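Colleague: Contents of coords-v6.pdb (PDB, C-alpha atoms):
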```pdb
ATOM      1  CA  TRP O   1     -15.959  13.582  -8.929
ATOM      2  CA  ALA O   2     -12.378  14.214 -10.068
ATOM      3  CA  PHE O   3     -11.134  11.842  -7.352
ATOM      4  CA  ALA O   4     -13.549   9.135  -8.500
ATOM      5  CA  TRP O   5     -12.592   9.522 -12.142
ATOM      6  CA  ARG O   6      -8.830   9.603 -11.482
ATOM      7  CA  HIS O   7      -8.866   6.426  -9.352
ATOM      8  CA  GLY O   8     -11.702   4.537 -11.053
ATOM      9  CA  LEU O   9     -13.834   4.581  -7.898
ATOM     10  CA  SER O  10     -17.278   5.688  -6.867
ATOM     11  CA  PRO O  11     -17.552   9.212  -5.394
ATOM     12  CA  ASP O  12     -18.643   7.810  -2.004
ATOM     13  CA  ARG O  13     -15.134   6.340  -1.574
ATOM     14  CA  PHE O  14     -13.877   9.925  -1.286
ATOM     15  CA  ASP O  15     -16.026  10.375   1.827
ATOM     16  CA  LEU O  16     -14.269   7.420   3.488
ATOM     17  CA  LEU O  17     -10.835   8.852   2.668
ATOM     18  CA  VAL O  18     -11.324  12.522   3.588
ATOM     19  CA  GLY O  19      -9.138  13.427   6.539
ATOM     20  CA  LYS O  20      -7.279  10.091   6.612
ATOM     21  CA  ARG O  21      -3.499  10.259   6.816
ATOM     22  CA  LEU O  22      -1.058   7.454   7.447
ATOM     23  CA  PRO O  23      -0.026   7.347  11.105
ATOM     24  CA  ARG O  24       3.647   8.069  11.780
ATOM     25  CA  GLY O  25       5.573   5.313  13.434
ATOM     26  CA  GLU O  26       9.078   4.904  14.706
ATOM     27  CA  GLY O  27      11.518   7.225  12.950
ATOM     28  CA  GLY O  28       8.707   8.894  10.992
ATOM     29  CA  ALA O  29       7.801   5.756   9.028
ATOM     30  CA  ARG O  30       4.233   5.499   7.714
ATOM     31  CA  ASP O  31       2.597   2.083   7.926
ATOM     32  CA  ILE O  32      -0.453   0.736   6.203
ATOM     33  CA  ASP O  33      -1.452  -2.254   8.314
ATOM     34  CA  VAL O  34      -3.389  -4.332   5.795
ATOM     35  CA  GLY O  35      -5.261  -6.208   8.539
ATOM     36  CA  GLU O  36      -6.300  -3.073  10.476
ATOM     37  CA  PRO O  37     -10.084  -2.629  10.229
ATOM     38  CA  ALA O  38      -9.940   1.133  10.926
ATOM     39  CA  LEU O  39      -7.963   1.776   7.727
ATOM     40  CA  ASP O  40      -9.219  -1.043   5.481
ATOM     41  CA  ALA O  41     -12.443   0.570   4.282
ATOM     42  CA  ALA O  42     -10.730   3.817   3.333
ATOM     43  CA  LEU O  43      -7.373   2.668   1.939
ATOM     44  CA  LEU O  44      -7.793  -0.810   0.450
ATOM     45  CA  LEU O  45      -9.353  -0.895  -2.991
ATOM     46  CA  GLU O  46     -10.030  -4.006  -5.094
ATOM     47  CA  GLY O  47      -8.036  -7.220  -5.208
ATOM     48  CA  TRP O  48      -7.661  -8.032  -1.493
ATOM     49  CA  SER O  49      -8.946 -11.167   0.224
ATOM     50  CA  VAL O  50     -10.534 -11.357   3.652
ATOM     51  CA  ARG O  51      -8.190 -11.281   6.660
ATOM     52  CA  HIS O  52      -5.971 -14.327   7.279
ATOM     53  CA  PRO O  53      -3.729 -15.139  10.235
ATOM     54  CA  CYS O  54      -0.097 -15.223   9.153
ATOM     55  CA  GLY O  55       2.389 -15.833  11.915
ATOM     56  CA  ASP O  56       1.744 -13.282  14.670
ATOM     57  CA  ALA O  57       0.169 -10.891  12.153
ATOM     58  CA  ILE O  58      -3.095 -10.533  10.287
ATOM     59  CA  CYS O  59      -2.618 -10.473   6.519
ATOM     60  CA  ARG O  60      -4.658 -10.183   3.365
ATOM     61  CA  GLU O  61      -3.932 -12.108   0.212
ATOM     62  CA  VAL O  62      -3.355 -10.326  -3.091
ATOM     63  CA  GLU O  63      -5.861 -11.777  -5.567
ATOM     64  CA  GLU O  64      -3.654 -11.541  -8.702
ATOM     65  CA  GLN O  65      -3.760  -7.716  -8.641
ATOM     66  CA  ALA O  66      -4.652  -5.348  -5.803
ATOM     67  CA  ARG O  67      -4.659  -1.600  -5.167
ATOM     68  CA  MET O  68      -4.479   0.669  -2.132
ATOM     69  CA  LEU O  69      -4.359   4.389  -1.472
ATOM     70  CA  ALA O  70      -1.616   6.044   0.578
ATOM     71  CA  PRO O  71      -2.571   9.569   1.751
ATOM     72  CA  LEU O  72       0.300  11.665   3.118
ATOM     73  CA  ASP O  73       0.233  14.914   5.063
ATOM     74  CA  ASP O  74       3.753  15.779   3.927
ATOM     75  CA  PRO O  75       4.591  14.430   0.469
ATOM     76  CA  GLY O  76       8.178  13.944  -0.642
ATOM     77  CA  HIS O  77      10.650  11.127  -1.132
ATOM     78  CA  PHE O  78       9.980   7.782   0.541
ATOM     79  CA  GLY O  79      11.292   4.254   0.233
ATOM     80  CA  LEU O  80       8.691   1.486   0.128
ATOM     81  CA  SER O  81       8.804  -1.938   1.740
ATOM     82  CA  VAL O  82       6.145  -4.638   1.778
ATOM     83  CA  HIS O  83       6.068  -7.064   4.710
ATOM     84  CA  ALA O  84       4.781 -10.208   3.006
ATOM     85  CA  ALA O  85       5.086 -13.973   2.627
ATOM     86  CA  GLY O  86       4.222 -16.318  -0.196
ATOM     87  CA  GLU O  87       5.476 -17.928  -3.390
ATOM     88  CA  GLY O  88       6.670 -16.511  -6.688
ATOM     89  CA  SER O  89       7.140 -12.781  -7.082
ATOM     90  CA  LEU O  90       5.315  -9.578  -6.227
ATOM     91  CA  SER O  91       5.483  -6.470  -8.426
ATOM     92  CA  VAL O  92       4.699  -2.981  -7.136
ATOM     93  CA  THR O  93       3.659   0.167  -8.998
ATOM     94  CA  VAL O  94       3.284   3.607  -7.388
ATOM     95  CA  ASN O  95       1.311   6.312  -9.183
ATOM     96  CA  GLY O  96       1.734   4.454 -12.463
ATOM     97  CA  VAL O  97       5.526   3.989 -12.111
ATOM     98  CA  ALA O  98       6.691   0.350 -11.936
ATOM     99  CA  LEU O  99       9.125  -0.288  -9.073
ATOM    100  CA  GLY O 100       9.996  -3.838 -10.118
ATOM    101  CA  ALA O 101       9.381  -7.309  -8.716
ATOM    102  CA  GLN O 102      10.748  -9.062  -5.646
ATOM    103  CA  ALA O 103      10.802 -12.764  -4.803
ATOM    104  CA  LEU O 104       8.497 -13.837  -1.982
ATOM    105  CA  THR O 105       9.589 -16.238   0.770
ATOM    106  CA  PRO O 106       7.449 -18.681   2.801
ATOM    107  CA  GLU O 107       8.052 -16.618   5.975
ATOM    108  CA  LEU O 108       7.122 -12.954   6.425
ATOM    109  CA  ALA O 109       9.951 -10.729   5.205
ATOM    110  CA  ASP O 110      10.425  -7.129   4.077
ATOM    111  CA  LEU O 111      10.558  -6.686   0.311
ATOM    112  CA  ARG O 112      12.204  -3.350  -0.476
ATOM    113  CA  PHE O 113      11.294  -1.411  -3.580
ATOM    114  CA  PRO O 114      13.373   1.628  -4.566
ATOM    115  CA  THR O 115      11.396   4.738  -5.488
ATOM    116  CA  GLU O 116      12.804   7.703  -7.377
ATOM    117  CA  ALA O 117       9.835  10.006  -7.884
ATOM    118  CA  PRO O 118       8.482  12.006  -4.943
ATOM    119  CA  TRP O 119       5.244  10.836  -3.408
ATOM    120  CA  ARG O 120       2.119  13.024  -3.647
ATOM    121  CA  ARG O 121      -0.503  13.864  -1.036
ATOM    122  CA  LEU O 122      -2.649  10.989  -2.393
ATOM    123  CA  ASN O 123      -0.864   7.976  -3.903
ATOM    124  CA  GLU O 124      -2.057   4.820  -5.579
ATOM    125  CA  VAL O 125      -0.029   1.679  -4.874
ATOM    126  CA  SER O 126      -0.693  -1.396  -7.040
ATOM    127  CA  PHE O 127       0.445  -4.978  -6.502
ATOM    128  CA  ALA O 128       0.621  -7.790  -9.055
ATOM    129  CA  LEU O 129       1.593 -11.436  -8.659
ATOM    130  CA  GLY O 130       3.895 -13.251 -11.025
ATOM    131  CA  PRO O 131       2.568 -16.429 -12.705
ATOM    132  CA  GLY O 132       1.612 -19.050 -10.124
ATOM    133  CA  GLY O 133       2.373 -16.661  -7.283
ATOM    134  CA  ARG O 134       0.674 -16.192  -3.949
ATOM    135  CA  ALA O 135       1.232 -13.263  -1.565
ATOM    136  CA  LEU O 136       0.009 -12.620   1.964
ATOM    137  CA  VAL O 137       0.646  -8.971   2.868
ATOM    138  CA  ASP O 138       0.910  -7.818   6.483
ATOM    139  CA  ARG O 139       1.838  -4.160   5.964
ATOM    140  CA  VAL O 140       3.247  -1.605   3.578
ATOM    141  CA  ARG O 141       5.793   0.847   5.021
ATOM    142  CA  LEU O 142       6.943   4.186   3.679
ATOM    143  CA  GLU O 143      10.209   5.533   5.085
ATOM    144  CA  ARG O 144      12.085   8.691   4.263
ATOM    145  CA  PRO O 145      15.649   8.061   3.115
ATOM    146  CA  ALA O 146      18.238   9.649   5.390
ATOM    147  CA  ASN O 147      19.247  12.151   2.670
ATOM    148  CA  ALA O 148      15.751  13.061   1.351
ATOM    149  CA  SER O 149      13.188  15.631   2.401
TER     150      SER O 149
END
```
Translate the structure of the given file into structure tokens.
Modeller:
Amino acid sequence: WAFAWRHGLSPDRFDLLVGKRLPRGEGGARDIDVGEPALDAALLLEGWSVRHPCGDAICREVEEQARMLAPLDDPGHFGLSVHAAGEGSLSVTVNGVALGAQALTPELADLRFPTEAPWRRLNEVSFALGPGGRALVDRVRLERPANAS
């Protein structure tokens, strides 16, 4: 119940998330593939469209505002990048801390958002479009900085 209250979700969402951790990729990076059906039901919350082809990837569109969960087995400091395409700007917030806005481009590109606070075991990542914006998101990547633990 505490999980549901804290994240504004129904308690059954907790059942989908239990035991999920972001897979480690190259160099220890953690990726949330927004078009991956195995993770969608557990990690993507409200504000995401259905899947869309975008280049060689499968993306989801941010519908003005969207949220996702990022569970980690080893919390600490991470940098965040969003592989996305679109128009206007995309703002990102992690655990209630605004990371700023980045301009979107028509082609898929990595938008890098600096993070100062350490990440927790369970993190909430929010996305918001600037006025008149449109964003297709392929993936969100968390990477440890070379000098962080």
Colleague: Using the chain letters and numbers from this file, what does the PyMOL selection byres ((chain O and resi 36-43) around 7) select? Give the answer as a list of chain:residue names.
Modeller: O:Leu16, O:Leu17, O:Asp33, O:Val34, O:Gly35, O:Leu44, O:Leu45, O:Met68, O:Leu69, O:Ala70
Colleague: Calculated over all atoms listed in the file, which of the candidates O:Arg120, O:Ala84, O:Glu143, O:Ser126 has the smallest distance to Leu99 (chain O)?
Modeller: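 Distance minimum relative to Leu99 (chain O) lands on O:Ser126.
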Colleague: Smallest atom-to-atom distance to Arg67 (chain O): which of O:Ala117, O:Ala109, O:Val125, O:Ala98, using all atoms listed in the file?
Modeller: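 So, comparing all the options, the nearest one is O:Val125.
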Colleague: Between O:Gly79, O:Leu22, O:Asp74, O:Gly133, which residue has the minimum interatomic distance to Pro145 (chain O), considering only C-alpha atoms?
Modeller: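 Among O:Gly79, O:Leu22, O:Asp74, O:Gly133, it is O:Gly79 that comes nearest to Pro145 (chain O).
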Colleague: Have a look at O:Asp110, O:Glu124, O:Glu26, O:Asp73 and name the one nearest to Glu46 (chain O); count only C-alpha atoms.
Modeller: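 Looking at the shortest contact to Glu46 (chain O), the residue is O:Glu124.
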Colleague: In Å, with one decimal, what is the gap from CA of Ser81 (chain O) to CA of Leu142 (chain O)?
Modeller: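 These atoms are spaced 6.7 Å apart.
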Colleague: Select, from O:Glu116, O:Glu61, O:Asp56, O:Asp31, the residue with the minimum atom-to-atom distance to Val94 (chain O), counting all atoms listed in the file.
Modeller: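 Distance minimum relative to Val94 (chain O) lands on O:Glu116.
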Colleague: Nearest residue to Pro75 (chain O) out of O:Ile32, O:Ala128, O:Pro118, O:Ala146, using all atoms listed in the file?
Modeller: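 Among O:Ile32, O:Ala128, O:Pro118, O:Ala146, it is O:Pro118 that comes nearest to Pro75 (chain O).
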Colleague: Please enumerate the residues selected by the PyMOL selection byres ((chain O and resi 112) around 7) when evaluated against the supplied file, formatted as a list in words.
Modeller: Leu80, Ser81, Val82, Asp110, Leu111, Phe113 and Pro114 of chain O
Colleague: For region 62-79 of chain O, take all atoms listed in the file, fit an axis-aligned box around them, add 6 Å to each of the six sides, then output centre and edge lengths in Å rounded to one decimal, as AutoDock Vina command-line options.
Modeller:
```
--center_x 2.7 --center_y 2.0 --center_z -1.8 --size_x 29.2 --size_y 39.6 --size_z 25.8
```
Colleague: I need the residue set behind the PyMOL selection byres ((chain O and resi 103) around 10) for this file; please write it as a list of chain:residue names.
Modeller: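 Listing what the PyMOL selection byres ((chain O and resi 103) around 10) selects in the shown file: O:Ala85, O:Gly86, O:Glu87, O:Gly88, O:Ser89, O:Leu90, O:Ser91, O:Ala101, O:Gln102, O:Leu104, O:Thr105, O:Leu111, O:Gly130, O:Gly133.
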Colleague: Do you have the CA of Arg144 (chain O)-CA of His77 (chain O) distance handy?
Modeller: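 Between CA of Arg144 (chain O) and CA of His77 (chain O) the gap is 6.1 Å.
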Colleague: Between CA of Trp48 (chain O) and CA of Thr93 (chain O), what is the distance, to one decimal in Å?
Modeller: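 Separation of CA of Trp48 (chain O) and CA of Thr93 (chain O): 15.9 Å.
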Colleague: Extract, using all atoms listed in the file, all DNA, RNA and protein residues at most 9 Å from Val62 (chain O), discarding same-chain residues fewer than 6 positions from it, and format them as a ChimeraX atom specification.
Modeller: /O:47-49,127-129,134-137
